[in-house]
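S.K.: Below is the file final.pdb, with PDB, C-alpha atoms.
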```pdb
ATOM      1  CA  MET P   2      -8.055-145.179  67.494  1.00  0.00           C
ATOM      2  CA  GLN P   3      -4.840-144.714  69.449  1.00  0.00           C
ATOM      3  CA  VAL P   4      -5.124-144.800  73.213  1.00  0.00           C
ATOM      4  CA  VAL P   5      -2.849-142.567  75.235  1.00  0.00           C
ATOM      5  CA  GLN P   6      -2.241-143.488  78.832  1.00  0.00           C
ATOM      6  CA  ARG P   7      -1.046-141.092  81.505  1.00  0.00           C
ATOM      7  CA  LYS P   8       0.680-141.895  84.752  1.00  0.00           C
ATOM      8  CA  LEU P   9      -0.997-140.628  87.913  1.00  0.00           C
ATOM      9  CA  THR P  10       0.520-140.574  91.372  1.00  0.00           C
ATOM     10  CA  ILE P  11      -1.916-140.636  94.272  1.00  0.00           C
ATOM     11  CA  THR P  12      -1.509-140.828  98.024  1.00  0.00           C
ATOM     12  CA  ILE P  13      -3.717-143.195 100.016  1.00  0.00           C
ATOM     13  CA  ASP P  14      -3.806-144.552 103.538  1.00  0.00           C
ATOM     14  CA  GLU P  15      -1.373-147.425 104.107  1.00  0.00           C
ATOM     15  CA  ALA P  16      -4.156-149.773 105.240  1.00  0.00           C
ATOM     16  CA  VAL P  17      -6.089-149.083 102.028  1.00  0.00           C
ATOM     17  CA  TYR P  18      -2.992-149.789  99.945  1.00  0.00           C
ATOM     18  CA  GLU P  19      -2.339-153.044 101.784  1.00  0.00           C
ATOM     19  CA  GLY P  20      -5.960-154.088 101.240  1.00  0.00           C
ATOM     20  CA  LEU P  21      -5.704-153.330  97.521  1.00  0.00           C
ATOM     21  CA  TYR P  22      -2.445-155.237  97.327  1.00  0.00           C
ATOM     22  CA  ARG P  23      -3.957-158.299  99.025  1.00  0.00           C
ATOM     23  CA  LYS P  24      -7.356-158.315  97.306  1.00  0.00           C
ATOM     24  CA  VAL P  25      -6.512-157.036  93.820  1.00  0.00           C
ATOM     25  CA  GLY P  26      -2.861-157.939  93.381  1.00  0.00           C
ATOM     26  CA  PRO P  27       0.280-155.895  92.956  1.00  0.00           C
ATOM     27  CA  ARG P  28       0.116-155.472  89.177  1.00  0.00           C
ATOM     28  CA  LYS P  29      -3.627-154.945  88.937  1.00  0.00           C
ATOM     29  CA  ILE P  30      -4.288-151.980  91.224  1.00  0.00           C
ATOM     30  CA  ALA P  31      -4.225-149.305  88.499  1.00  0.00           C
ATOM     31  CA  ARG P  32      -6.660-151.254  86.316  1.00  0.00           C
ATOM     32  CA  PHE P  33      -8.956-151.866  89.298  1.00  0.00           C
ATOM     33  CA  ILE P  34      -9.053-148.156  90.152  1.00  0.00           C
ATOM     34  CA  GLU P  35      -9.566-147.171  86.508  1.00  0.00           C
ATOM     35  CA  ASP P  36     -12.489-149.590  86.185  1.00  0.00           C
ATOM     36  CA  LEU P  37     -14.097-148.089  89.313  1.00  0.00           C
ATOM     37  CA  VAL P  38     -13.606-144.468  88.247  1.00  0.00           C
ATOM     38  CA  ARG P  39     -14.376-144.773  84.513  1.00  0.00           C
ATOM     39  CA  PRO P  40     -18.209-144.808  84.698  1.00  0.00           C
ATOM     40  CA  HIS P  41     -18.166-141.703  86.886  1.00  0.00           C
ATOM     41  CA  VAL P  42     -16.044-139.570  84.591  1.00  0.00           C
ATOM     42  CA  LEU P  43     -16.705-140.739  81.015  1.00  0.00           C
ATOM     43  CA  ASP P  44     -19.751-140.823  78.791  1.00  0.00           C
ATOM     44  CA  ALA P  45     -21.435-144.203  78.361  1.00  0.00           C
ATOM     45  CA  ASP P  46     -20.750-144.319  74.610  1.00  0.00           C
ATOM     46  CA  LEU P  47     -17.019-144.534  75.316  1.00  0.00           C
ATOM     47  CA  ASP P  48     -17.524-147.865  77.085  1.00  0.00           C
ATOM     48  CA  SER P  49     -17.663-149.733  73.776  1.00  0.00           C
ATOM     49  CA  ASP P  50     -14.322-148.200  72.751  1.00  0.00           C
ATOM     50  CA  TYR P  51     -12.818-149.239  76.077  1.00  0.00           C
ATOM     51  CA  GLU P  52     -14.139-152.793  75.693  1.00  0.00           C
ATOM     52  CA  GLU P  53     -12.576-152.958  72.238  1.00  0.00           C
ATOM     53  CA  MET P  54      -9.232-151.862  73.677  1.00  0.00           C
ATOM     54  CA  ALA P  55      -9.513-154.484  76.419  1.00  0.00           C
ATOM     55  CA  ARG P  56      -9.812-157.197  73.765  1.00  0.00           C
ATOM     56  CA  ASP P  57      -6.388-156.196  72.396  1.00  0.00           C
ATOM     57  CA  GLN P  58      -4.237-158.843  74.105  1.00  0.00           C
ATOM     58  CA  MET P  59      -0.868-157.215  73.319  1.00  0.00           C
ATOM     59  CA  ARG P  60      -2.015-153.859  74.706  1.00  0.00           C
ATOM     60  CA  GLU P  61      -3.308-155.527  77.855  1.00  0.00           C
ATOM     61  CA  ARG P  62      -0.020-157.382  78.429  1.00  0.00           C
ATOM     62  CA  ASP P  63       1.901-154.120  78.002  1.00  0.00           C
ATOM     63  CA  ALA P  64      -0.462-152.301  80.372  1.00  0.00           C
ATOM     64  CA  GLU P  65      -0.070-154.935  83.078  1.00  0.00           C
ATOM     65  CA  GLN P  66       3.724-154.779  82.897  1.00  0.00           C
TER      66      GLN P  66
END
```
Show me the file's structure as structure tokens.
M.R.:
Amino acid sequence: MQVVQRKLTITIDEAVYEGLYRKVGPRKIARFIEDLVRPHVLDADLDSDYEEMARDQMRERDAEQ
């Protein structure tokens, strides 16, 4: 199964961004937001596919960069 990622630009309050930057880290914000949103927009049976993708170390390194 090939995973396609899309870039999304959002606008948020500066204080919220600064809080995310401090608490989550500069290179982890997108993953943090995706993890929060995922259960609200995807079916539960896709969670196992996502967990399998997360175990792919090379993919995760590429995603973080």
S.K.: Expressed in Å to a single decimal, how great is the separation between atom CA of Leu9 of chain P and atom CA of Ala31 of chain P?
M.R.: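 So the answer is 9.3 Å.
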S.K.: In Å, rounded to a single decimal, give me how far atom CA of Tyr51 of chain P is from atom CA of Glu65 of chain P.
M.R.: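 About the pair atom CA of Glu65 of chain P and atom CA of Tyr51 of chain P: they are 15.6 Å apart.
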S.K.: Nearest residue to Val17 of chain P out of P:Arg62, P:Val5, P:Met54, P:Ile30, using only C-alpha atoms?
M.R.: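 Ranking P:Arg62, P:Val5, P:Met54, P:Ile30 by distance to Val17 of chain P, first place goes to P:Ile30.
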S.K.: Rounded to one decimal in Å, what is the spacing between atom CA of Asp63 of chain P and atom CA of Arg7 of chain P?
M.R.: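 Interatomic distance, atom CA of Asp63 of chain P to atom CA of Arg7 of chain P: 13.8 Å.
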S.K.: Between P:Leu43, P:Ile34, P:Val4, P:Ala55, single out the one closest to Leu21 of chain P, counting only C-alpha atoms.
M.R.: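 Distance minimum relative to Leu21 of chain P lands on P:Ile34.
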S.K.: Please complete segment 36-57 of chain P so it has N, CA and C atoms, and hand it over as a PDB file, keeping the file's coordinate frame.
M.R.:
```pdb
ATOM      1  N   ASP P  36     -11.168-149.002  86.412  1.00  0.00           N
ATOM      2  CA  ASP P  36     -12.489-149.590  86.185  1.00  0.00           C
ATOM      3  C   ASP P  36     -13.548-149.006  87.130  1.00  0.00           C
ATOM      4  N   LEU P  37     -13.159-148.694  88.360  1.00  0.00           N
ATOM      5  CA  LEU P  37     -14.097-148.089  89.313  1.00  0.00           C
ATOM      6  C   LEU P  37     -14.434-146.646  88.941  1.00  0.00           C
ATOM      7  N   VAL P  38     -13.440-145.895  88.512  1.00  0.00           N
ATOM      8  CA  VAL P  38     -13.606-144.468  88.247  1.00  0.00           C
ATOM      9  C   VAL P  38     -14.260-144.199  86.890  1.00  0.00           C
ATOM     10  N   ARG P  39     -13.943-145.003  85.897  1.00  0.00           N
ATOM     11  CA  ARG P  39     -14.376-144.773  84.513  1.00  0.00           C
ATOM     12  C   ARG P  39     -15.854-144.411  84.365  1.00  0.00           C
ATOM     13  N   PRO P  40     -16.798-145.155  84.925  1.00  0.00           N
ATOM     14  CA  PRO P  40     -18.209-144.808  84.698  1.00  0.00           C
ATOM     15  C   PRO P  40     -18.626-143.469  85.306  1.00  0.00           C
ATOM     16  N   HIS P  41     -17.836-142.972  86.238  1.00  0.00           N
ATOM     17  CA  HIS P  41     -18.166-141.703  86.886  1.00  0.00           C
ATOM     18  C   HIS P  41     -17.632-140.484  86.144  1.00  0.00           C
ATOM     19  N   VAL P  42     -16.673-140.712  85.245  1.00  0.00           N
ATOM     20  CA  VAL P  42     -16.044-139.570  84.591  1.00  0.00           C
ATOM     21  C   VAL P  42     -16.149-139.565  83.066  1.00  0.00           C
ATOM     22  N   LEU P  43     -16.598-140.659  82.467  1.00  0.00           N
ATOM     23  CA  LEU P  43     -16.705-140.739  81.015  1.00  0.00           C
ATOM     24  C   LEU P  43     -18.138-140.978  80.576  1.00  0.00           C
ATOM     25  N   ASP P  44     -18.436-140.566  79.368  1.00  0.00           N
ATOM     26  CA  ASP P  44     -19.751-140.823  78.791  1.00  0.00           C
ATOM     27  C   ASP P  44     -19.919-142.306  78.506  1.00  0.00           C
ATOM     28  N   ALA P  45     -21.142-142.790  78.549  1.00  0.00           N
ATOM     29  CA  ALA P  45     -21.435-144.203  78.361  1.00  0.00           C
ATOM     30  C   ALA P  45     -21.025-144.699  76.985  1.00  0.00           C
ATOM     31  N   ASP P  46     -21.091-143.867  75.949  1.00  0.00           N
ATOM     32  CA  ASP P  46     -20.750-144.319  74.610  1.00  0.00           C
ATOM     33  C   ASP P  46     -19.268-144.628  74.454  1.00  0.00           C
ATOM     34  N   LEU P  47     -18.436-144.201  75.375  1.00  0.00           N
ATOM     35  CA  LEU P  47     -17.019-144.534  75.316  1.00  0.00           C
ATOM     36  C   LEU P  47     -16.742-145.944  75.843  1.00  0.00           C
ATOM     37  N   ASP P  48     -17.704-146.523  76.546  1.00  0.00           N
ATOM     38  CA  ASP P  48     -17.524-147.865  77.085  1.00  0.00           C
ATOM     39  C   ASP P  48     -17.238-148.878  75.991  1.00  0.00           C
ATOM     40  N   SER P  49     -17.897-148.771  74.856  1.00  0.00           N
ATOM     41  CA  SER P  49     -17.663-149.733  73.776  1.00  0.00           C
ATOM     42  C   SER P  49     -16.236-149.610  73.255  1.00  0.00           C
ATOM     43  N   ASP P  50     -15.714-148.391  73.168  1.00  0.00           N
ATOM     44  CA  ASP P  50     -14.322-148.200  72.751  1.00  0.00           C
ATOM     45  C   ASP P  50     -13.367-148.842  73.760  1.00  0.00           C
ATOM     46  N   TYR P  51     -13.662-148.662  75.031  1.00  0.00           N
ATOM     47  CA  TYR P  51     -12.818-149.239  76.077  1.00  0.00           C
ATOM     48  C   TYR P  51     -12.849-150.766  76.011  1.00  0.00           C
ATOM     49  N   GLU P  52     -14.024-151.343  75.802  1.00  0.00           N
ATOM     50  CA  GLU P  52     -14.139-152.793  75.693  1.00  0.00           C
ATOM     51  C   GLU P  52     -13.342-153.314  74.502  1.00  0.00           C
ATOM     52  N   GLU P  53     -13.357-152.572  73.411  1.00  0.00           N
ATOM     53  CA  GLU P  53     -12.576-152.958  72.238  1.00  0.00           C
ATOM     54  C   GLU P  53     -11.081-152.943  72.558  1.00  0.00           C
ATOM     55  N   MET P  54     -10.637-151.931  73.283  1.00  0.00           N
ATOM     56  CA  MET P  54      -9.232-151.862  73.677  1.00  0.00           C
ATOM     57  C   MET P  54      -8.869-153.030  74.591  1.00  0.00           C
ATOM     58  N   ALA P  55      -9.775-153.400  75.479  1.00  0.00           N
ATOM     59  CA  ALA P  55      -9.513-154.484  76.419  1.00  0.00           C
ATOM     60  C   ALA P  55      -9.347-155.820  75.702  1.00  0.00           C
ATOM     61  N   ARG P  56      -9.949-155.956  74.533  1.00  0.00           N
ATOM     62  CA  ARG P  56      -9.812-157.197  73.765  1.00  0.00           C
ATOM     63  C   ARG P  56      -8.453-157.295  73.067  1.00  0.00           C
ATOM     64  N   ASP P  57      -7.711-156.216  73.017  1.00  0.00           N
ATOM     65  CA  ASP P  57      -6.388-156.196  72.396  1.00  0.00           C
ATOM     66  C   ASP P  57      -5.391-156.820  73.378  1.00  0.00           C
TER      67      ASP P  57
END
```
